[in-house]
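S.K.: Let me give you the structure first, and then I'll get to my questions.
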Amino acid sequence: MNSKVIMVLRILLGVFILVFGLNKFFNFIPMDPPTGDAGAYFGALASSKTLMLVGIVEITAGIALLLNKFGALMALILMSISINAVLFHATLDPDNIAGAVVLLILNIIAIYGYRDRYKDLLH
């Protein structure tokens with residue numbers, strides 16, 4: 001894949017994850033609260049302050065990807081959040097899975113873009 005395309009998609013992922021990380025603190029994107037099991041799970045994450053930790057990781061990853069500093073590391077760390085988001089929506093909130101799938105695809109592309117940095121890990 002073209003390095004300029006990878007760069008644009010990395011920046012897009014950085015903006016995407018930075019905005020959603022900041023939203024966990026400032027709530028500037030209105031979202032309907034989940035109901036049923038999804039609401040109970042989301043409520044438990046919120047009350048245990050886990051969402052704040054996820055927000056901090058997302059903000060850090062977004063800044064790292066935008067600045068291309070420690071991006072390879074943050075793309076790996078962000079993969080756990082991406083997979084969790086897809087699994088959450090696939091099992092508890094399938095109507096709103098689109099954003100999580102976009103996040104996962106952008107994250108996979110970012111990891112692919114950093115593939116040379118992972119060679120030592122994979123040998």
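Every chain in the structure tokens has a letter given in the order shown (A, B, ...), and although residue numbers restart at 1 in each chain, ligands are simply numbered from 1 in the order shown.
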Find the spatial neighbours of Gly36 of chain A, counting only C-alpha atoms, within a cut-off of 9 Å - ignore same-chain residues fewer than 4 positions away - and output them as a list of chain:residue names.
M.R.: A:Ala40, A:Tyr41, A:Leu92
S.K.: Write out as a PyMOL selection string all residues of chain A that DSSP puts in alpha helix (DSSP H) for this structure's backbone.
M.R.: chain A and resi 3-26+36-47+50-67+71-92+98-113+119-122
S.K.: Pull the closest atom pair for each residue of segment 25-89 of chain A that gets at most 7 Å from segment 101-116 of chain A, along with the distance in Å to one decimal, counting only C-alpha atoms, ordering rows by chain and then ascending residue number, as a Markdown table.
M.R.:
```
| residue | atom | partner | partner_atom | distance |
| --- | --- | --- | --- | --- |
| A:Ala72 | CA | A:Tyr114 | CA | 5.7 |
| A:Ala75 | CA | A:Ile111 | CA | 6.0 |
| A:Met79 | CA | A:Asn107 | CA | 6.5 |
| A:Ser82 | CA | A:Leu104 | CA | 5.1 |
| A:Ile83 | CA | A:Leu104 | CA | 6.7 |
| A:Val86 | CA | A:Val101 | CA | 6.1 |
```
S.K.: What's the 12 Å shell around segment 57-70 of chain A, counting only C-alpha atoms, without same-chain residues fewer than 5 positions away, as a compact mmCIF listing (two decimals) with N, CA and C atoms, in the first residue's frame?
M.R.:
```txt
# COMPACT_ATOMS: atom_id res chain seq x y z
N ILE A 6 -1.13 5.24 3.64
CA ILE A 6 -0.96 4.77 5.02
C ILE A 6 -0.88 5.97 5.97
N MET A 7 -0.13 7.00 5.58
CA MET A 7 0.00 8.19 6.43
C MET A 7 -1.35 8.87 6.64
N VAL A 8 -2.11 9.03 5.56
CA VAL A 8 -3.42 9.66 5.67
C VAL A 8 -4.34 8.83 6.57
N LEU A 9 -4.33 7.52 6.41
CA LEU A 9 -5.18 6.66 7.23
C LEU A 9 -4.72 6.64 8.69
N ARG A 10 -3.40 6.74 8.92
CA ARG A 10 -2.87 6.83 10.29
C ARG A 10 -3.35 8.12 10.95
N ILE A 11 -3.30 9.22 10.20
CA ILE A 11 -3.77 10.50 10.73
C ILE A 11 -5.28 10.45 10.98
N LEU A 12 -6.01 9.83 10.06
CA LEU A 12 -7.45 9.68 10.25
C LEU A 12 -7.76 8.88 11.51
N LEU A 13 -7.02 7.79 11.72
CA LEU A 13 -7.19 6.99 12.94
C LEU A 13 -6.85 7.83 14.16
N GLY A 14 -5.77 8.60 14.08
CA GLY A 14 -5.38 9.45 15.21
C GLY A 14 -6.45 10.45 15.58
N VAL A 15 -7.03 11.11 14.57
CA VAL A 15 -8.10 12.08 14.83
C VAL A 15 -9.33 11.36 15.39
N PHE A 16 -9.70 10.24 14.77
CA PHE A 16 -10.87 9.46 15.18
C PHE A 16 -10.77 9.07 16.65
N ILE A 17 -9.63 8.50 17.02
CA ILE A 17 -9.48 7.99 18.38
C ILE A 17 -9.30 9.14 19.37
N LEU A 18 -8.66 10.22 18.96
CA LEU A 18 -8.49 11.39 19.83
C LEU A 18 -9.85 12.02 20.14
N VAL A 19 -10.68 12.17 19.13
CA VAL A 19 -12.01 12.77 19.34
C VAL A 19 -12.84 11.91 20.29
N PHE A 20 -12.86 10.60 20.07
CA PHE A 20 -13.66 9.75 20.95
C PHE A 20 -13.06 9.63 22.35
N GLY A 21 -11.74 9.74 22.47
CA GLY A 21 -11.12 9.77 23.80
C GLY A 21 -11.49 11.03 24.55
N LEU A 22 -11.43 12.17 23.86
CA LEU A 22 -11.82 13.44 24.49
C LEU A 22 -13.30 13.47 24.84
N ASN A 23 -14.11 12.80 24.01
CA ASN A 23 -15.55 12.76 24.27
C ASN A 23 -15.87 12.04 25.59
N LYS A 24 -15.02 11.13 26.00
CA LYS A 24 -15.26 10.43 27.27
C LYS A 24 -15.16 11.39 28.46
N PHE A 25 -14.46 12.51 28.28
CA PHE A 25 -14.31 13.49 29.35
C PHE A 25 -15.23 14.70 29.19
N THR A 50 -13.27 2.71 34.54
CA THR A 50 -12.56 2.06 33.43
C THR A 50 -12.65 2.89 32.16
N LEU A 51 -13.79 3.54 31.94
CA LEU A 51 -13.94 4.37 30.74
C LEU A 51 -12.98 5.56 30.77
N MET A 52 -12.67 6.07 31.95
CA MET A 52 -11.69 7.15 32.04
C MET A 52 -10.31 6.66 31.62
N ALA A 75 -0.43 1.74 18.30
CA ALA A 75 -1.31 0.98 17.42
C ALA A 75 -1.56 -0.41 18.00
N LEU A 76 -0.52 -1.01 18.58
CA LEU A 76 -0.70 -2.32 19.22
C LEU A 76 -1.58 -2.23 20.45
N ILE A 77 -1.35 -1.22 21.28
CA ILE A 77 -2.16 -1.04 22.48
C ILE A 77 -3.60 -0.74 22.10
N LEU A 78 -3.79 0.06 21.08
CA LEU A 78 -5.12 0.44 20.62
C LEU A 78 -5.89 -0.76 20.05
N MET A 79 -5.18 -1.77 19.58
CA MET A 79 -5.85 -2.95 19.02
C MET A 79 -6.74 -3.62 20.06
N SER A 80 -6.33 -3.64 21.31
CA SER A 80 -7.18 -4.26 22.35
C SER A 80 -8.48 -3.48 22.52
N ILE A 81 -8.40 -2.17 22.44
CA ILE A 81 -9.60 -1.35 22.54
C ILE A 81 -10.49 -1.55 21.32
N SER A 82 -9.87 -1.63 20.15
CA SER A 82 -10.63 -1.82 18.90
C SER A 82 -11.39 -3.13 18.90
N LEU A 103 -13.06 1.76 13.27
CA LEU A 103 -11.91 1.83 14.17
C LEU A 103 -11.00 0.62 13.98
N LEU A 106 -9.18 0.77 10.51
CA LEU A 106 -8.12 1.77 10.53
C LEU A 106 -6.94 1.31 11.39
N ASN A 107 -7.23 0.64 12.48
CA ASN A 107 -6.17 0.15 13.36
C ASN A 107 -5.36 -0.95 12.67
N ALA A 110 -3.11 0.72 10.25
CA ALA A 110 -1.98 1.37 10.94
C ALA A 110 -0.93 0.34 11.33
N ILE A 111 -1.36 -0.79 11.85
CA ILE A 111 -0.41 -1.84 12.21
C ILE A 111 0.32 -2.34 10.97
N GLY A 113 0.94 -0.58 8.36
CA GLY A 113 1.88 0.49 8.02
C GLY A 113 3.14 0.47 8.87
N TYR A 114 3.05 -0.02 10.06
CA TYR A 114 4.20 -0.11 10.97
C TYR A 114 4.84 -1.50 10.96
N ARG A 117 8.42 -2.25 11.89
CA ARG A 117 8.85 -2.06 13.28
C ARG A 117 8.59 -3.29 14.14
```
S.K.: Grab the atom CA of Phe42 of chain A to atom CA of Phe88 of chain A distance for me, in Å with one decimal place.
M.R.: 9.5 Å
S.K.: Mind pulling up the distance from atom CA of Ile56 of chain A to atom CA of Pro34 of chain A?
M.R.: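 Answer for the atom CA of Pro34 of chain A to atom CA of Ile56 of chain A separation: 21.8 Å.
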